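Peer 1: The structure follows.
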Amino acid sequence: MLARVIEAAGISTVIVTPMPYFAEALGVSRAVGVGFPFGHPLGHAGDRDEQMKVIGDALRVLREAAGPGTVEHLAYEWPDFERWKTEWQPAEPSPIVALLRERLRAQAEARRSNKP
Amino acid sequence: MPIDSFRWLPGAIAAYYRGLPLQKVEPIPWAPLAKPIEECRFALVTTAGLYMKDRDPSFDLDGERRNPFWGDPTYRVIPRDATQEQIGVAHLHINAADLLADMNVALPLNRFLELEAAGKIGSLAASHYSFMGFQMDNSAWQKRYAPEVAARMREEGVDAALLTPV
C-alpha cells in the first residue's frame, strides 16, 4: 500500500515482491513476482548480474504495463531450497511468531489433557 | 509456472497468511510513465529496516518485543551516496546477514548508480527510503508516513519509484 500512495501522488511505481499472491489479491499498479526467499527481493548478495536482470525486468514492466493490476511472475530460480527454507529466517523467532507458536502449543496441550 | 508465494513459510504461518481476508480496493491508482525511462529520476523504497547508523536511530525493536502485534511504522532516509558500512539493519523477521553484506539485495543504490552512469535511467534521486515491513496495522503508513515520503519524492523531482518489500 506504500505504492498506492506514491502512485496516487503522480509517481509511477513498480514493486518487486516475493509474494505476488498479495499483489494480485489487493491490487497494485505494477509488480513483478520473484521466487526468492524473504529478505532477498533482488537476488543473492554479491550477484550483480542477477540483481541487474531483476531490475531490468522491473523497469520493463514499468515501461510496458498496459494498466493497473499488472503482475508478472519472473522465472528466476533460487537453488538449494532446503537450505534457504530456514536460512532466510532470523536466529530468534520474531515476537509474533513466538507468541503464535506458544498459543498453538497451549491449545494442543489443552486438547491432549481433555482427552478421556 | 506461477510463483508459490507461501513456499518459504513454515506450515502454520503459511496457513495464517493464506487465511487472511483480503479486499481489493478499487480503483487502483495509475500514474502512466510521463517520460522514457532514460529520462526518469528514480527513488528506491524498501521495507528491510535499513537505517544510517551514524546519523539516525534504529527502528524500535524493543517496542515490538513488548507488543508483538506492533511494528515501528516510521521510515529512514537513505542518501544516494550511502555506503555499505554506513547501513544498519533493524528487522526481527528476517536474517540480516545478506543485507549487511550487500544492501543491493533490497536497496539497489549501487545498481542504480551504475544505470545512471550508463545513461539507462535519467538519474537517481538524492533520497531513498526504508520502512520496516512488519505492520499488522498499516494505518500510520497510509495516513502519515507514505504521504510524507511521496511529498519528499515530488520535491526531489522523482518520476518513478522501485519498491522492494522483503
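The way I read the labels, and the way they are meant: chains A, B, ... in the order of the C-alpha cells, residue 1 as the first residue of every chain, and ligand 1 as the first ligand shown, with later ones counted on from there.
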Just the residues within 12 Å of Leu26 in chain A, please, counting only C-alpha atoms, with nothing from its chain fewer than 2 positions along; format it as a PDB file with N, CA and C atoms, in the first residue's frame.
Peer 2:
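The resulting out-v5.pdb:
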```
ATOM      1  N   MET A   1       0.796  -1.224   0.000  1.00  0.00           N
ATOM      2  CA  MET A   1       0.000   0.000   0.000  1.00  0.00           C
ATOM      3  C   MET A   1       0.829   1.274   0.000  1.00  0.00           C
ATOM      4  N   ALA A   3       2.970   1.718  -2.247  1.00  0.00           N
ATOM      5  CA  ALA A   3       2.990   2.019  -3.683  1.00  0.00           C
ATOM      6  C   ALA A   3       1.740   2.797  -4.096  1.00  0.00           C
ATOM      7  N   ARG A   4       0.607   2.458  -3.506  1.00  0.00           N
ATOM      8  CA  ARG A   4      -0.635   3.154  -3.863  1.00  0.00           C
ATOM      9  C   ARG A   4      -0.541   4.642  -3.584  1.00  0.00           C
ATOM     10  N   MET A  19       5.957 -12.129  -2.774  1.00  0.00           N
ATOM     11  CA  MET A  19       4.611 -12.656  -2.549  1.00  0.00           C
ATOM     12  C   MET A  19       3.614 -12.042  -3.528  1.00  0.00           C
ATOM     13  N   PRO A  20       3.720 -12.423  -4.815  1.00  0.00           N
ATOM     14  CA  PRO A  20       2.801 -11.860  -5.805  1.00  0.00           C
ATOM     15  C   PRO A  20       1.332 -12.167  -5.496  1.00  0.00           C
ATOM     16  N   TYR A  21       1.081 -13.203  -4.696  1.00  0.00           N
ATOM     17  CA  TYR A  21      -0.301 -13.522  -4.259  1.00  0.00           C
ATOM     18  C   TYR A  21      -0.967 -12.288  -3.684  1.00  0.00           C
ATOM     19  N   PHE A  22      -0.254 -11.559  -2.824  1.00  0.00           N
ATOM     20  CA  PHE A  22      -0.850 -10.377  -2.195  1.00  0.00           C
ATOM     21  C   PHE A  22      -0.977  -9.227  -3.177  1.00  0.00           C
ATOM     22  N   ALA A  23      -0.015  -9.079  -4.082  1.00  0.00           N
ATOM     23  CA  ALA A  23      -0.129  -8.037  -5.110  1.00  0.00           C
ATOM     24  C   ALA A  23      -1.388  -8.255  -5.938  1.00  0.00           C
ATOM     25  N   GLU A  24      -1.655  -9.529  -6.273  1.00  0.00           N
ATOM     26  CA  GLU A  24      -2.836  -9.839  -7.087  1.00  0.00           C
ATOM     27  C   GLU A  24      -4.122  -9.667  -6.297  1.00  0.00           C
ATOM     28  N   VAL A  28      -2.413  -3.896  -7.267  1.00  0.00           N
ATOM     29  CA  VAL A  28      -1.279  -2.965  -7.324  1.00  0.00           C
ATOM     30  C   VAL A  28      -1.224  -2.380  -8.722  1.00  0.00           C
ATOM     31  N   SER A  29      -0.498  -1.284  -8.868  1.00  0.00           N
ATOM     32  CA  SER A  29      -0.358  -0.699 -10.204  1.00  0.00           C
ATOM     33  C   SER A  29       0.476  -1.630 -11.088  1.00  0.00           C
ATOM     34  N   ARG A  30       1.727  -1.899 -10.646  1.00  0.00           N
ATOM     35  CA  ARG A  30       2.624  -2.764 -11.423  1.00  0.00           C
ATOM     36  C   ARG A  30       3.495  -3.552 -10.452  1.00  0.00           C
ATOM     37  N   ALA A  31       3.692  -4.825 -10.734  1.00  0.00           N
ATOM     38  CA  ALA A  31       4.577  -5.615  -9.881  1.00  0.00           C
ATOM     39  C   ALA A  31       5.198  -6.740 -10.691  1.00  0.00           C
ATOM     40  N   PRO A  68      -3.331  -0.665 -14.628  1.00  0.00           N
ATOM     41  CA  PRO A  68      -3.167  -1.133 -13.254  1.00  0.00           C
ATOM     42  C   PRO A  68      -3.561  -2.592 -13.094  1.00  0.00           C
ATOM     43  N   GLY A  69      -2.952  -3.235 -12.114  1.00  0.00           N
ATOM     44  CA  GLY A  69      -3.200  -4.657 -11.892  1.00  0.00           C
ATOM     45  C   GLY A  69      -2.229  -5.543 -12.633  1.00  0.00           C
ATOM     46  N   THR A  70      -1.164  -4.959 -13.201  1.00  0.00           N
ATOM     47  CA  THR A  70      -0.164  -5.749 -13.913  1.00  0.00           C
ATOM     48  C   THR A  70       0.754  -6.447 -12.913  1.00  0.00           C
ATOM     49  N   VAL A  71       0.731  -7.780 -12.900  1.00  0.00           N
ATOM     50  CA  VAL A  71       1.619  -8.558 -12.034  1.00  0.00           C
ATOM     51  C   VAL A  71       2.235  -9.656 -12.883  1.00  0.00           C
TER      52      VAL A  71
ATOM     53  N   LEU B  20      -5.952 -14.973   5.621  1.00  0.00           N
ATOM     54  CA  LEU B  20      -6.303 -13.571   5.852  1.00  0.00           C
ATOM     55  C   LEU B  20      -7.360 -13.115   4.851  1.00  0.00           C
ATOM     56  N   PRO B  21      -8.413 -12.452   5.345  1.00  0.00           N
ATOM     57  CA  PRO B  21      -9.409 -11.929   4.406  1.00  0.00           C
ATOM     58  C   PRO B  21      -8.828 -10.715   3.700  1.00  0.00           C
ATOM     59  N   LEU B  22      -8.832 -10.726   2.396  1.00  0.00           N
ATOM     60  CA  LEU B  22      -8.212  -9.643   1.639  1.00  0.00           C
ATOM     61  C   LEU B  22      -9.244  -8.953   0.786  1.00  0.00           C
ATOM     62  N   GLN B  23      -9.121  -7.665   0.691  1.00  0.00           N
ATOM     63  CA  GLN B  23     -10.079  -6.921  -0.119  1.00  0.00           C
ATOM     64  C   GLN B  23      -9.326  -6.104  -1.147  1.00  0.00           C
ATOM     65  N   LYS B  24      -9.687  -6.306  -2.404  1.00  0.00           N
ATOM     66  CA  LYS B  24      -9.099  -5.468  -3.442  1.00  0.00           C
ATOM     67  C   LYS B  24      -9.801  -4.120  -3.380  1.00  0.00           C
ATOM     68  N   VAL B  25      -9.040  -3.064  -3.230  1.00  0.00           N
ATOM     69  CA  VAL B  25      -9.621  -1.724  -3.187  1.00  0.00           C
ATOM     70  C   VAL B  25      -9.480  -1.105  -4.563  1.00  0.00           C
ATOM     71  N   GLU B  26     -10.651  -0.808  -5.168  1.00  0.00           N
ATOM     72  CA  GLU B  26     -10.646  -0.173  -6.487  1.00  0.00           C
ATOM     73  C   GLU B  26     -11.070   1.288  -6.316  1.00  0.00           C
ATOM     74  N   PRO B  27     -10.636   2.175  -7.158  1.00  0.00           N
ATOM     75  CA  PRO B  27      -9.754   1.921  -8.284  1.00  0.00           C
ATOM     76  C   PRO B  27      -8.288   1.870  -7.834  1.00  0.00           C
ATOM     77  N   ILE B  28      -7.470   1.124  -8.553  1.00  0.00           N
ATOM     78  CA  ILE B  28      -6.043   1.084  -8.278  1.00  0.00           C
ATOM     79  C   ILE B  28      -5.433   2.355  -8.875  1.00  0.00           C
TER      80      ILE B  28
END
```
Peer 1: As an exercise, work out the distance from CA of Val5 in chain A to CA of Ala150 in chain B in Å and give it to one decimal place.
Peer 2: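 Separation between CA of Val5 in chain A and CA of Ala150 in chain B: 7.0 Å.
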Peer 1: Could you pull out all residues of range 52-107 of chain A with a DSSP call of alpha helix (DSSP H) and give them as a PDB file with N, CA and C atoms, in the first residue's frame?
Peer 2:
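Listing of part_9.pdb after writing:
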```pdb
ATOM      1  N   MET A  52      20.862  -7.027 -11.533  1.00  0.00           N
ATOM      2  CA  MET A  52      20.599  -6.184 -12.708  1.00  0.00           C
ATOM      3  C   MET A  52      19.510  -6.786 -13.601  1.00  0.00           C
ATOM      4  N   LYS A  53      19.474  -8.117 -13.681  1.00  0.00           N
ATOM      5  CA  LYS A  53      18.431  -8.757 -14.500  1.00  0.00           C
ATOM      6  C   LYS A  53      17.052  -8.509 -13.904  1.00  0.00           C
ATOM      7  N   VAL A  54      16.937  -8.672 -12.589  1.00  0.00           N
ATOM      8  CA  VAL A  54      15.644  -8.460 -11.939  1.00  0.00           C
ATOM      9  C   VAL A  54      15.223  -6.997 -12.079  1.00  0.00           C
ATOM     10  N   ILE A  55      16.171  -6.097 -11.860  1.00  0.00           N
ATOM     11  CA  ILE A  55      15.873  -4.665 -12.037  1.00  0.00           C
ATOM     12  C   ILE A  55      15.443  -4.397 -13.476  1.00  0.00           C
ATOM     13  N   GLY A  56      16.143  -5.016 -14.425  1.00  0.00           N
ATOM     14  CA  GLY A  56      15.793  -4.843 -15.838  1.00  0.00           C
ATOM     15  C   GLY A  56      14.358  -5.259 -16.120  1.00  0.00           C
ATOM     16  N   ASP A  57      13.929  -6.391 -15.548  1.00  0.00           N
ATOM     17  CA  ASP A  57      12.542  -6.835 -15.724  1.00  0.00           C
ATOM     18  C   ASP A  57      11.565  -5.859 -15.082  1.00  0.00           C
ATOM     19  N   ALA A  58      11.920  -5.353 -13.901  1.00  0.00           N
ATOM     20  CA  ALA A  58      11.042  -4.389 -13.228  1.00  0.00           C
ATOM     21  C   ALA A  58      10.893  -3.128 -14.080  1.00  0.00           C
ATOM     22  N   LEU A  59      11.991  -2.654 -14.653  1.00  0.00           N
ATOM     23  CA  LEU A  59      11.924  -1.445 -15.494  1.00  0.00           C
ATOM     24  C   LEU A  59      11.137  -1.716 -16.774  1.00  0.00           C
ATOM     25  N   ARG A  60      11.268  -2.927 -17.297  1.00  0.00           N
ATOM     26  CA  ARG A  60      10.499  -3.286 -18.494  1.00  0.00           C
ATOM     27  C   ARG A  60       9.002  -3.235 -18.191  1.00  0.00           C
ATOM     28  N   VAL A  61       8.592  -3.795 -17.068  1.00  0.00           N
ATOM     29  CA  VAL A  61       7.172  -3.777 -16.699  1.00  0.00           C
ATOM     30  C   VAL A  61       6.718  -2.345 -16.418  1.00  0.00           C
ATOM     31  N   LEU A  62       7.584  -1.550 -15.801  1.00  0.00           N
ATOM     32  CA  LEU A  62       7.268  -0.133 -15.564  1.00  0.00           C
ATOM     33  C   LEU A  62       6.961   0.555 -16.888  1.00  0.00           C
ATOM     34  N   ARG A  63       7.752   0.246 -17.903  1.00  0.00           N
ATOM     35  CA  ARG A  63       7.617   0.881 -19.212  1.00  0.00           C
ATOM     36  C   ARG A  63       6.421   0.332 -19.981  1.00  0.00           C
ATOM     37  N   GLU A  64       6.183  -0.979 -19.893  1.00  0.00           N
ATOM     38  CA  GLU A  64       5.238  -1.629 -20.813  1.00  0.00           C
ATOM     39  C   GLU A  64       3.867  -1.969 -20.226  1.00  0.00           C
ATOM     40  N   PHE A  81      16.811 -25.043  -2.163  1.00  0.00           N
ATOM     41  CA  PHE A  81      15.612 -24.668  -1.421  1.00  0.00           C
ATOM     42  C   PHE A  81      15.646 -25.158   0.020  1.00  0.00           C
ATOM     43  N   GLU A  82      16.084 -26.396   0.240  1.00  0.00           N
ATOM     44  CA  GLU A  82      16.042 -26.944   1.597  1.00  0.00           C
ATOM     45  C   GLU A  82      16.880 -26.129   2.564  1.00  0.00           C
ATOM     46  N   ARG A  83      18.021 -25.651   2.104  1.00  0.00           N
ATOM     47  CA  ARG A  83      18.858 -24.803   2.962  1.00  0.00           C
ATOM     48  C   ARG A  83      18.185 -23.448   3.196  1.00  0.00           C
ATOM     49  N   TRP A  84      17.670 -22.831   2.138  1.00  0.00           N
ATOM     50  CA  TRP A  84      17.146 -21.468   2.221  1.00  0.00           C
ATOM     51  C   TRP A  84      15.784 -21.375   2.871  1.00  0.00           C
ATOM     52  N   LYS A  85      15.083 -22.508   2.965  1.00  0.00           N
ATOM     53  CA  LYS A  85      13.773 -22.506   3.625  1.00  0.00           C
ATOM     54  C   LYS A  85      13.921 -22.073   5.086  1.00  0.00           C
ATOM     55  N   THR A  86      15.091 -22.323   5.660  1.00  0.00           N
ATOM     56  CA  THR A  86      15.346 -21.838   7.027  1.00  0.00           C
ATOM     57  C   THR A  86      16.370 -20.708   7.067  1.00  0.00           C
ATOM     58  N   GLU A  87      17.250 -20.655   6.065  1.00  0.00           N
ATOM     59  CA  GLU A  87      18.331 -19.663   6.092  1.00  0.00           C
ATOM     60  C   GLU A  87      17.838 -18.211   6.112  1.00  0.00           C
ATOM     61  N   PRO A  95       8.853 -11.843  17.692  1.00  0.00           N
ATOM     62  CA  PRO A  95       7.942 -11.886  18.830  1.00  0.00           C
ATOM     63  C   PRO A  95       6.566 -12.444  18.465  1.00  0.00           C
ATOM     64  N   ILE A  96       6.028 -12.078  17.286  1.00  0.00           N
ATOM     65  CA  ILE A  96       4.683 -12.561  16.927  1.00  0.00           C
ATOM     66  C   ILE A  96       4.701 -14.060  16.641  1.00  0.00           C
ATOM     67  N   VAL A  97       5.757 -14.538  16.007  1.00  0.00           N
ATOM     68  CA  VAL A  97       5.851 -15.973  15.723  1.00  0.00           C
ATOM     69  C   VAL A  97       5.991 -16.749  17.031  1.00  0.00           C
ATOM     70  N   ALA A  98       6.820 -16.235  17.945  1.00  0.00           N
ATOM     71  CA  ALA A  98       6.974 -16.903  19.244  1.00  0.00           C
ATOM     72  C   ALA A  98       5.638 -16.950  19.981  1.00  0.00           C
ATOM     73  N   LEU A  99       4.894 -15.836  19.911  1.00  0.00           N
ATOM     74  CA  LEU A  99       3.596 -15.767  20.600  1.00  0.00           C
ATOM     75  C   LEU A  99       2.590 -16.741  19.977  1.00  0.00           C
ATOM     76  N   LEU A 100       2.503 -16.744  18.632  1.00  0.00           N
ATOM     77  CA  LEU A 100       1.542 -17.627  17.959  1.00  0.00           C
ATOM     78  C   LEU A 100       1.892 -19.094  18.195  1.00  0.00           C
ATOM     79  N   ARG A 101       3.180 -19.411  18.178  1.00  0.00           N
ATOM     80  CA  ARG A 101       3.587 -20.800  18.429  1.00  0.00           C
ATOM     81  C   ARG A 101       3.235 -21.215  19.849  1.00  0.00           C
ATOM     82  N   GLU A 102       3.419 -20.308  20.788  1.00  0.00           N
ATOM     83  CA  GLU A 102       3.090 -20.603  22.183  1.00  0.00           C
ATOM     84  C   GLU A 102       1.589 -20.849  22.325  1.00  0.00           C
ATOM     85  N   ARG A 103       0.790 -20.040  21.645  1.00  0.00           N
ATOM     86  CA  ARG A 103      -0.667 -20.219  21.710  1.00  0.00           C
ATOM     87  C   ARG A 103      -1.080 -21.556  21.108  1.00  0.00           C
ATOM     88  N   LEU A 104      -0.467 -21.903  19.957  1.00  0.00           N
ATOM     89  CA  LEU A 104      -0.798 -23.178  19.314  1.00  0.00           C
ATOM     90  C   LEU A 104      -0.387 -24.335  20.227  1.00  0.00           C
ATOM     91  N   ARG A 105       0.784 -24.200  20.863  1.00  0.00           N
ATOM     92  CA  ARG A 105       1.273 -25.239  21.756  1.00  0.00           C
ATOM     93  C   ARG A 105       0.315 -25.400  22.936  1.00  0.00           C
ATOM     94  N   ALA A 106      -0.138 -24.269  23.489  1.00  0.00           N
ATOM     95  CA  ALA A 106      -1.043 -24.305  24.644  1.00  0.00           C
ATOM     96  C   ALA A 106      -2.384 -24.928  24.259  1.00  0.00           C
ATOM     97  N   GLN A 107      -2.865 -24.606  23.031  1.00  0.00           N
ATOM     98  CA  GLN A 107      -4.125 -25.201  22.568  1.00  0.00           C
ATOM     99  C   GLN A 107      -3.981 -26.714  22.413  1.00  0.00           C
TER     100      GLN A 107
END
```
Peer 1: With a distance cut-off of 7 Å and only C-alpha atoms, select the neighbouring residues of range 78-94 of chain B, excluding the residue or stretch itself and same-chain residues fewer than 2 positions from it, and output the selection as an MDAnalysis selection string.
Peer 2: (chainID A and resid 38:39 88:90 94) or (chainID B and resid 48:54 58:59 76 96 102:103 109 125:129 132)
Peer 1: Report the residues of range 6-113 of chain A whose backbone DSSP state falls under strand (DSSP E), written as a PyMOL selection string.
Peer 2: chain A and resi 12-17+30-33+70-73
Peer 1: How would the residues just picked look written out with N, CA and C atoms as a PDB file, in the first residue's frame?
Peer 2:
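What ended up in result.pdb:
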```pdb
ATOM      1  N   SER A  12       5.142   7.057 -10.903  1.00  0.00           N
ATOM      2  CA  SER A  12       4.894   5.695 -11.398  1.00  0.00           C
ATOM      3  C   SER A  12       5.682   4.696 -10.549  1.00  0.00           C
ATOM      4  N   THR A  13       5.021   3.625 -10.126  1.00  0.00           N
ATOM      5  CA  THR A  13       5.702   2.659  -9.245  1.00  0.00           C
ATOM      6  C   THR A  13       5.743   1.273  -9.867  1.00  0.00           C
ATOM      7  N   VAL A  14       6.753   0.511  -9.496  1.00  0.00           N
ATOM      8  CA  VAL A  14       6.807  -0.921  -9.786  1.00  0.00           C
ATOM      9  C   VAL A  14       7.380  -1.605  -8.544  1.00  0.00           C
ATOM     10  N   ILE A  15       6.732  -2.719  -8.165  1.00  0.00           N
ATOM     11  CA  ILE A  15       7.101  -3.454  -6.968  1.00  0.00           C
ATOM     12  C   ILE A  15       7.789  -4.756  -7.375  1.00  0.00           C
ATOM     13  N   VAL A  16       8.865  -5.113  -6.666  1.00  0.00           N
ATOM     14  CA  VAL A  16       9.468  -6.442  -6.829  1.00  0.00           C
ATOM     15  C   VAL A  16       9.113  -7.204  -5.562  1.00  0.00           C
ATOM     16  N   THR A  17       8.278  -8.215  -5.667  1.00  0.00           N
ATOM     17  CA  THR A  17       7.738  -8.866  -4.475  1.00  0.00           C
ATOM     18  C   THR A  17       7.944 -10.372  -4.462  1.00  0.00           C
ATOM     19  N   ARG A  30       1.727  -1.899 -10.646  1.00  0.00           N
ATOM     20  CA  ARG A  30       2.624  -2.764 -11.423  1.00  0.00           C
ATOM     21  C   ARG A  30       3.495  -3.552 -10.452  1.00  0.00           C
ATOM     22  N   ALA A  31       3.692  -4.825 -10.734  1.00  0.00           N
ATOM     23  CA  ALA A  31       4.577  -5.615  -9.881  1.00  0.00           C
ATOM     24  C   ALA A  31       5.198  -6.740 -10.691  1.00  0.00           C
ATOM     25  N   VAL A  32       6.393  -7.172 -10.242  1.00  0.00           N
ATOM     26  CA  VAL A  32       6.952  -8.433 -10.703  1.00  0.00           C
ATOM     27  C   VAL A  32       7.134  -9.313  -9.476  1.00  0.00           C
ATOM     28  N   GLY A  33       6.804 -10.590  -9.632  1.00  0.00           N
ATOM     29  CA  GLY A  33       6.980 -11.558  -8.559  1.00  0.00           C
ATOM     30  C   GLY A  33       8.291 -12.291  -8.750  1.00  0.00           C
ATOM     31  N   THR A  70      -1.164  -4.959 -13.201  1.00  0.00           N
ATOM     32  CA  THR A  70      -0.164  -5.749 -13.913  1.00  0.00           C
ATOM     33  C   THR A  70       0.754  -6.447 -12.913  1.00  0.00           C
ATOM     34  N   VAL A  71       0.731  -7.780 -12.900  1.00  0.00           N
ATOM     35  CA  VAL A  71       1.619  -8.558 -12.034  1.00  0.00           C
ATOM     36  C   VAL A  71       2.235  -9.656 -12.883  1.00  0.00           C
ATOM     37  N   GLU A  72       3.545  -9.586 -13.084  1.00  0.00           N
ATOM     38  CA  GLU A  72       4.237 -10.589 -13.884  1.00  0.00           C
ATOM     39  C   GLU A  72       5.104 -11.467 -12.980  1.00  0.00           C
ATOM     40  N   HIS A  73       4.980 -12.779 -13.108  1.00  0.00           N
ATOM     41  CA  HIS A  73       5.814 -13.703 -12.332  1.00  0.00           C
ATOM     42  C   HIS A  73       7.110 -13.934 -13.099  1.00  0.00           C
TER      43      HIS A  73
END
```
